[in-house]
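Trainee: What follows is my_file02.cif, mmCIF, C-alpha atoms and all ligand atoms.
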data_model
loop_
_atom_site.label_atom_id
_atom_site.label_comp_id
_atom_site.auth_asym_id
_atom_site.auth_seq_id
_atom_site.Cartn_x
_atom_site.Cartn_y
_atom_site.Cartn_z
CA MET A 1 14.29 -246.05 164.58
CA LEU A 2 11.89 -244.13 162.39
CA ASN A 3 12.38 -240.47 163.31
CA VAL A 4 9.84 -238.28 161.52
CA ILE A 5 9.51 -234.52 161.65
CA ILE A 6 6.05 -233.25 160.83
CA PHE A 7 6.51 -229.69 159.72
CA GLY A 8 4.21 -226.91 158.59
CA ALA A 9 2.66 -223.60 159.53
CA PRO A 10 0.18 -223.34 162.41
CA GLY A 11 -3.09 -224.89 161.20
CA SER A 12 -1.46 -227.11 158.57
CA GLY A 13 -2.78 -230.29 160.22
CA LYS A 14 0.37 -231.51 162.00
CA GLY A 15 -1.46 -232.72 165.12
CA THR A 16 -4.21 -234.57 163.26
CA GLN A 17 -1.84 -236.34 160.91
CA SER A 18 0.59 -237.13 163.77
CA GLU A 19 -2.10 -239.15 165.52
CA ARG A 20 -2.57 -241.27 162.43
CA ILE A 21 1.16 -241.77 161.94
CA VAL A 22 1.49 -242.87 165.59
CA ALA A 23 -1.36 -245.37 165.16
CA LYS A 24 0.02 -246.83 161.93
CA TYR A 25 3.74 -246.99 162.68
CA GLY A 26 3.65 -247.50 166.46
CA ILE A 27 6.08 -244.69 167.17
CA ASN A 28 6.11 -242.18 170.05
CA HIS A 29 4.80 -238.65 169.64
CA ILE A 30 6.40 -235.45 170.91
CA SER A 31 4.25 -232.35 170.45
CA THR A 32 6.13 -229.47 172.06
CA GLY A 33 2.93 -227.38 171.99
CA ASP A 34 1.06 -230.10 173.93
CA VAL A 35 3.93 -230.39 176.44
CA LEU A 36 3.80 -226.64 177.06
CA ARG A 37 -0.02 -226.54 177.33
CA ALA A 38 0.14 -229.35 179.92
CA GLU A 39 2.70 -227.36 181.92
CA ILE A 40 0.43 -224.31 181.82
CA LYS A 41 -2.54 -226.38 182.94
CA ASN A 42 -0.52 -227.79 185.85
CA GLY A 43 0.59 -224.32 186.89
CA THR A 44 4.33 -225.16 186.85
CA GLU A 45 7.13 -222.58 186.65
CA LEU A 46 7.83 -223.70 183.10
CA GLY A 47 4.13 -223.27 182.31
CA LYS A 48 4.16 -219.72 183.65
CA THR A 49 7.19 -218.83 181.54
CA ALA A 50 5.73 -220.51 178.45
CA LYS A 51 2.35 -218.80 178.74
CA GLY A 52 3.85 -215.36 178.30
CA TYR A 53 5.37 -216.34 174.97
CA ILE A 54 2.46 -218.44 173.70
CA ASP A 55 -0.12 -215.71 174.38
CA GLN A 56 2.03 -213.29 172.39
CA GLY A 57 2.37 -215.73 169.49
CA GLN A 58 6.14 -215.83 170.09
CA LEU A 59 8.48 -218.80 170.32
CA ILE A 60 9.77 -220.10 173.64
CA PRO A 61 13.59 -219.58 173.84
CA ASP A 62 15.61 -222.27 172.07
CA THR A 63 17.68 -223.41 175.06
CA LEU A 64 14.56 -224.08 177.13
CA MET A 65 12.83 -225.93 174.27
CA ILE A 66 15.88 -228.06 173.50
CA ASP A 67 16.17 -229.23 177.13
CA ILE A 68 12.46 -230.10 177.23
CA LEU A 69 12.73 -232.02 173.99
CA ALA A 70 15.73 -234.08 175.11
CA SER A 71 14.09 -235.05 178.39
CA VAL A 72 10.85 -236.17 176.68
CA PHE A 73 12.86 -238.09 174.07
CA ASP A 74 14.87 -239.90 176.76
CA SER A 75 11.70 -240.86 178.62
CA PHE A 76 10.74 -243.24 175.77
CA LYS A 77 12.00 -246.77 176.36
CA ASP A 78 12.48 -249.36 173.59
CA SER A 79 11.03 -246.89 171.13
CA LYS A 80 10.45 -247.83 167.48
CA GLY A 81 10.78 -244.20 166.59
CA VAL A 82 9.49 -240.73 167.29
CA ILE A 83 7.37 -238.17 165.50
CA PHE A 84 8.45 -234.62 166.24
CA ASP A 85 5.41 -232.33 165.96
CA GLY A 86 6.03 -228.60 166.35
CA PHE A 87 9.79 -229.05 166.78
CA PRO A 88 12.16 -227.84 165.42
CA ARG A 89 10.92 -224.31 164.75
CA THR A 90 14.29 -222.54 164.34
CA ILE A 91 17.61 -223.39 162.72
CA ALA A 92 19.19 -223.56 166.20
CA GLN A 93 16.60 -226.17 167.23
CA ALA A 94 17.25 -228.19 164.06
CA GLU A 95 20.99 -228.16 164.74
CA ALA A 96 20.41 -229.18 168.36
CA LEU A 97 18.07 -231.99 167.29
CA LYS A 98 20.64 -233.32 164.86
CA GLU A 99 23.29 -233.34 167.56
CA MET A 100 20.97 -234.84 170.19
CA LEU A 101 20.02 -237.68 167.83
CA ALA A 102 23.62 -238.23 166.73
CA THR A 103 24.83 -238.65 170.32
CA ARG A 104 22.17 -241.38 170.65
CA GLY A 105 23.20 -243.07 167.38
CA GLN A 106 20.11 -241.74 165.60
CA ALA A 107 19.17 -239.36 162.78
CA VAL A 108 16.08 -237.76 161.24
CA SER A 109 14.58 -240.24 158.76
CA VAL A 110 12.24 -237.85 156.97
CA MET A 111 10.92 -234.30 157.25
CA LEU A 112 7.34 -233.96 156.02
CA ASP A 113 6.41 -230.41 155.00
CA LEU A 114 2.62 -230.04 155.13
CA ASP A 115 2.02 -227.20 152.73
CA VAL A 116 -1.25 -225.23 153.07
CA ALA A 117 -2.15 -221.82 151.57
CA GLU A 118 -2.22 -218.86 153.95
CA ASP A 119 -5.95 -217.99 153.63
CA GLU A 120 -6.84 -221.61 154.39
CA LEU A 121 -4.56 -221.64 157.48
CA MET A 122 -6.22 -218.51 158.81
CA ALA A 123 -9.73 -219.92 158.28
CA ARG A 124 -8.85 -223.23 159.96
CA LEU A 125 -7.26 -221.59 163.00
CA ILE A 126 -10.15 -219.20 163.57
CA LYS A 127 -12.54 -222.16 163.37
CA ARG A 128 -10.36 -224.18 165.80
CA GLY A 129 -10.29 -221.24 168.21
CA LEU A 130 -14.09 -221.07 168.24
CA GLU A 131 -14.41 -224.82 168.76
CA SER A 132 -11.61 -225.55 171.22
CA GLY A 133 -11.19 -222.21 172.93
CA ARG A 134 -7.40 -222.39 172.48
CA ALA A 135 -6.28 -218.99 173.69
CA ASP A 136 -3.73 -218.40 170.92
CA ASP A 137 -6.25 -219.19 168.14
CA ASN A 138 -7.57 -215.63 167.87
CA GLU A 139 -7.07 -213.45 164.81
CA GLU A 140 -4.43 -211.15 166.29
CA THR A 141 -2.26 -213.95 167.73
CA ILE A 142 -2.71 -216.12 164.64
CA LYS A 143 -1.27 -213.29 162.50
CA LYS A 144 1.75 -213.05 164.82
CA ARG A 145 2.25 -216.84 164.75
CA LEU A 146 2.12 -216.88 160.95
CA PHE A 147 4.65 -214.04 160.85
CA VAL A 148 6.93 -215.97 163.22
CA TYR A 149 6.50 -219.06 161.04
CA HIS A 150 7.59 -217.19 157.92
CA SER A 151 10.51 -215.40 159.54
CA GLN A 152 11.95 -218.02 161.92
CA THR A 153 10.57 -221.44 160.96
CA SER A 154 10.19 -221.65 157.17
CA PRO A 155 14.00 -221.33 156.61
CA LEU A 156 14.08 -224.93 157.88
CA ILE A 157 12.67 -226.05 154.53
CA ASP A 158 15.97 -225.30 152.78
CA TRP A 159 17.93 -226.57 155.76
CA TYR A 160 16.27 -230.02 155.55
CA LYS A 161 16.50 -230.06 151.75
CA LYS A 162 20.27 -229.81 152.22
CA GLU A 163 20.11 -232.66 154.75
CA GLY A 164 18.46 -234.78 152.05
CA VAL A 165 15.39 -235.77 154.09
CA TYR A 166 12.83 -233.20 152.86
CA GLN A 167 9.46 -234.37 151.49
CA HIS A 168 6.77 -231.96 150.30
CA ILE A 169 3.17 -232.90 151.17
CA THR A 170 0.20 -231.01 149.76
CA GLY A 171 -1.82 -230.27 152.89
CA LEU A 172 -5.08 -229.51 151.08
CA GLY A 173 -7.55 -232.26 150.32
CA THR A 174 -9.16 -235.01 152.36
CA MET A 175 -7.53 -236.19 155.57
CA ASP A 176 -7.29 -239.71 154.10
CA GLY A 177 -5.70 -238.45 150.89
CA ILE A 178 -3.12 -236.42 152.77
CA PHE A 179 -2.38 -239.36 155.05
CA ALA A 180 -1.86 -241.65 152.04
CA ASP A 181 0.72 -239.18 150.64
CA ILE A 182 2.42 -239.05 154.05
CA CYS A 183 2.70 -242.86 154.21
CA LYS A 184 4.21 -242.93 150.70
CA ALA A 185 6.78 -240.33 151.75
CA ILE A 186 7.65 -242.21 154.95
CA GLU A 187 7.97 -245.54 153.17
CA LYS A 188 10.27 -244.05 150.53
CA GLU A 189 12.87 -243.57 153.26
P1 LIG B 1 1.78 -225.51 168.63
O1 LIG B 1 0.76 -226.24 169.42
O2 LIG B 1 2.85 -226.42 168.05
O3 LIG B 1 1.17 -224.64 167.56
O4 LIG B 1 2.55 -224.54 169.63
C1 LIG B 1 1.87 -223.51 170.32
C2 LIG B 1 2.87 -222.50 170.84
O5 LIG B 1 3.81 -223.12 171.71
C3 LIG B 1 3.73 -221.81 169.78
O6 LIG B 1 3.07 -220.71 169.18
C4 LIG B 1 4.95 -221.40 170.59
O7 LIG B 1 4.67 -220.26 171.39
C5 LIG B 1 5.11 -222.57 171.55
N1 LIG B 1 5.99 -223.62 170.98
C6 LIG B 1 5.64 -224.89 170.62
N2 LIG B 1 6.69 -225.55 170.11
C7 LIG B 1 7.73 -224.70 170.14
C8 LIG B 1 9.09 -224.78 169.72
N3 LIG B 1 9.60 -225.89 169.16
N4 LIG B 1 9.88 -223.69 169.92
C9 LIG B 1 9.40 -222.57 170.48
N5 LIG B 1 8.14 -222.41 170.87
C10 LIG B 1 7.29 -223.46 170.71
#
Take the structure in the file and write it out as structure tokens.

Mentor:
Amino acid sequence: MLNVIIFGAPGSGKGTQSERIVAKYGINHISTGDVLRAEIKNGTELGKTAKGYIDQGQLIPDTLMIDILASVFDSFKDSKGVIFDGFPRTIAQAEALKEMLATRGQAVSVMLDLDVAEDELMARLIKRGLESGRADDNEETIKKRLFVYHSQTSPLIDWYKKEGVYQHITGLGTMDGIFADICKAIEKE
């Protein structure tokens, strides 16, 4: 299986590039943010819990996220692989993912780090908020999410470097150019 992590700060283009990776490689997509937004839309208990964290720009607790991830992963049958978009976001999640994959005879093939400068991230997220109306794409919450990214999520860069699967991708440029770099990185593995 081709198990790809698409990593990067909020606004780095993970969702957009994931769609292209799914189309090209025929793998399944898990976006934990999309899963949570669907739960909120459906008014479930999980959605209610998640909303409180998302609106504050905070992360949902690890144990909850890890359970959700495993159940989505196990719902894929005869999968050629999975792209993990928005997960892991903490070291505990990365450790849990490693263990979950290992118990299923799997491992992370590659971790793609979409690297975009901070001022560009801010501009993109504000624009997305105006266009899509996503509640957490407002200036105050964006700042909190970027802070959370730097404090809790970016340590995963070194973690995956040690795992030997890290690939840096420059996330500035045309969508096609970035996608071409992503394909090169995936095919190196
Ligand atoms: P995203 O769409 O990936 O930017 O996620 C939106 C929000 O959902 C985040 O700001 C978090 O509040 C929550 N979320 C998504 N994925 C995770 C995760 N792996 N761990 C914790 N919280 C998450």

Trainee: Would you mind reading off the distance between atom CA of Arg37 of chain A and atom N5 of ligand LIG 1 (chain B), one decimal, in Å?

Mentor: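 Atom-to-atom, atom CA of Arg37 of chain A and atom N5 of ligand LIG 1 (chain B) are spaced 11.2 Å apart.
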
Trainee: Kindly work out which residues sit at most 10 Å from ligand LIG 1 (chain B), using all atoms listed in the file, and give the list as a ChimeraX atom specification.

Mentor: /A:7-12,14-15,30-37,50-66,68-69,84-90,93-94,134-137,141-142,144-146,148-149,153

Trainee: Could you work out how far atom CA of Lys98 of chain A lies from atom CA of Val82 of chain A, giving the answer in Å with one decimal?

Mentor: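 Atom CA of Lys98 of chain A lies at a distance of 13.6 Å from atom CA of Val82 of chain A.
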
Trainee: So that I can check the surroundings of segment 111-122 of chain A, please list as a ChimeraX atom specification every protein, DNA and RNA residue that reaches within 6 Å of it, counting only C-alpha atoms and ignoring chain neighbours fewer than 3 positions away.

Mentor: /A:4-8,11-12,125,165-171

Trainee: Only C-alpha atoms, please: the residues just picked out, written as a PDB file, in the coordinates of the input.

Mentor:
ATOM      1  CA  VAL A   4       9.840-238.280 161.520  1.00  0.00           C
ATOM      2  CA  ILE A   5       9.510-234.520 161.650  1.00  0.00           C
ATOM      3  CA  ILE A   6       6.050-233.250 160.830  1.00  0.00           C
ATOM      4  CA  PHE A   7       6.510-229.690 159.720  1.00  0.00           C
ATOM      5  CA  GLY A   8       4.210-226.910 158.590  1.00  0.00           C
ATOM      6  CA  GLY A  11      -3.090-224.890 161.200  1.00  0.00           C
ATOM      7  CA  SER A  12      -1.460-227.110 158.570  1.00  0.00           C
ATOM      8  CA  LEU A 125      -7.260-221.590 163.000  1.00  0.00           C
ATOM      9  CA  VAL A 165      15.390-235.770 154.090  1.00  0.00           C
ATOM     10  CA  TYR A 166      12.830-233.200 152.860  1.00  0.00           C
ATOM     11  CA  GLN A 167       9.460-234.370 151.490  1.00  0.00           C
ATOM     12  CA  HIS A 168       6.770-231.960 150.300  1.00  0.00           C
ATOM     13  CA  ILE A 169       3.170-232.900 151.170  1.00  0.00           C
ATOM     14  CA  THR A 170       0.200-231.010 149.760  1.00  0.00           C
ATOM     15  CA  GLY A 171      -1.820-230.270 152.890  1.00  0.00           C
TER      16      GLY A 171
END

Trainee: Between atom CA of Ala180 of chain A and atom CA of Arg20 of chain A, what distance in Å does the model show, to one decimal?

Mentor: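 The value is 10.4 Å.
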
Trainee: For Glu139 of chain A, which residue among A:Gln106, A:Lys188, A:Arg124, A:Asp176 is the nearest when counting all atoms listed in the file?

Mentor: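 For Glu139 of chain A, the nearest of the candidates is A:Arg124.
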
Trainee: Once 6 Å is added on each side, what are the centre and the three edge lengths, in Å to one decimal, of the axis-aligned box enclosing the listed atoms of segment 82-92 of chain A? Present them as lines of an AutoDock Vina configuration file.

Mentor:
center_x = 12.3
center_y = -231.6
center_z = 165.0
size_x = 25.8
size_y = 30.2
size_z = 16.6

Trainee: Of the candidates A:Lys77, A:Ile182, A:Ala92, A:Pro155, which one gets nearest to Gln17 of chain A if we count only C-alpha atoms?

Mentor: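 Of A:Lys77, A:Ile182, A:Ala92, A:Pro155, the one nearest Gln17 of chain A is A:Ile182, counting only C-alpha atoms.
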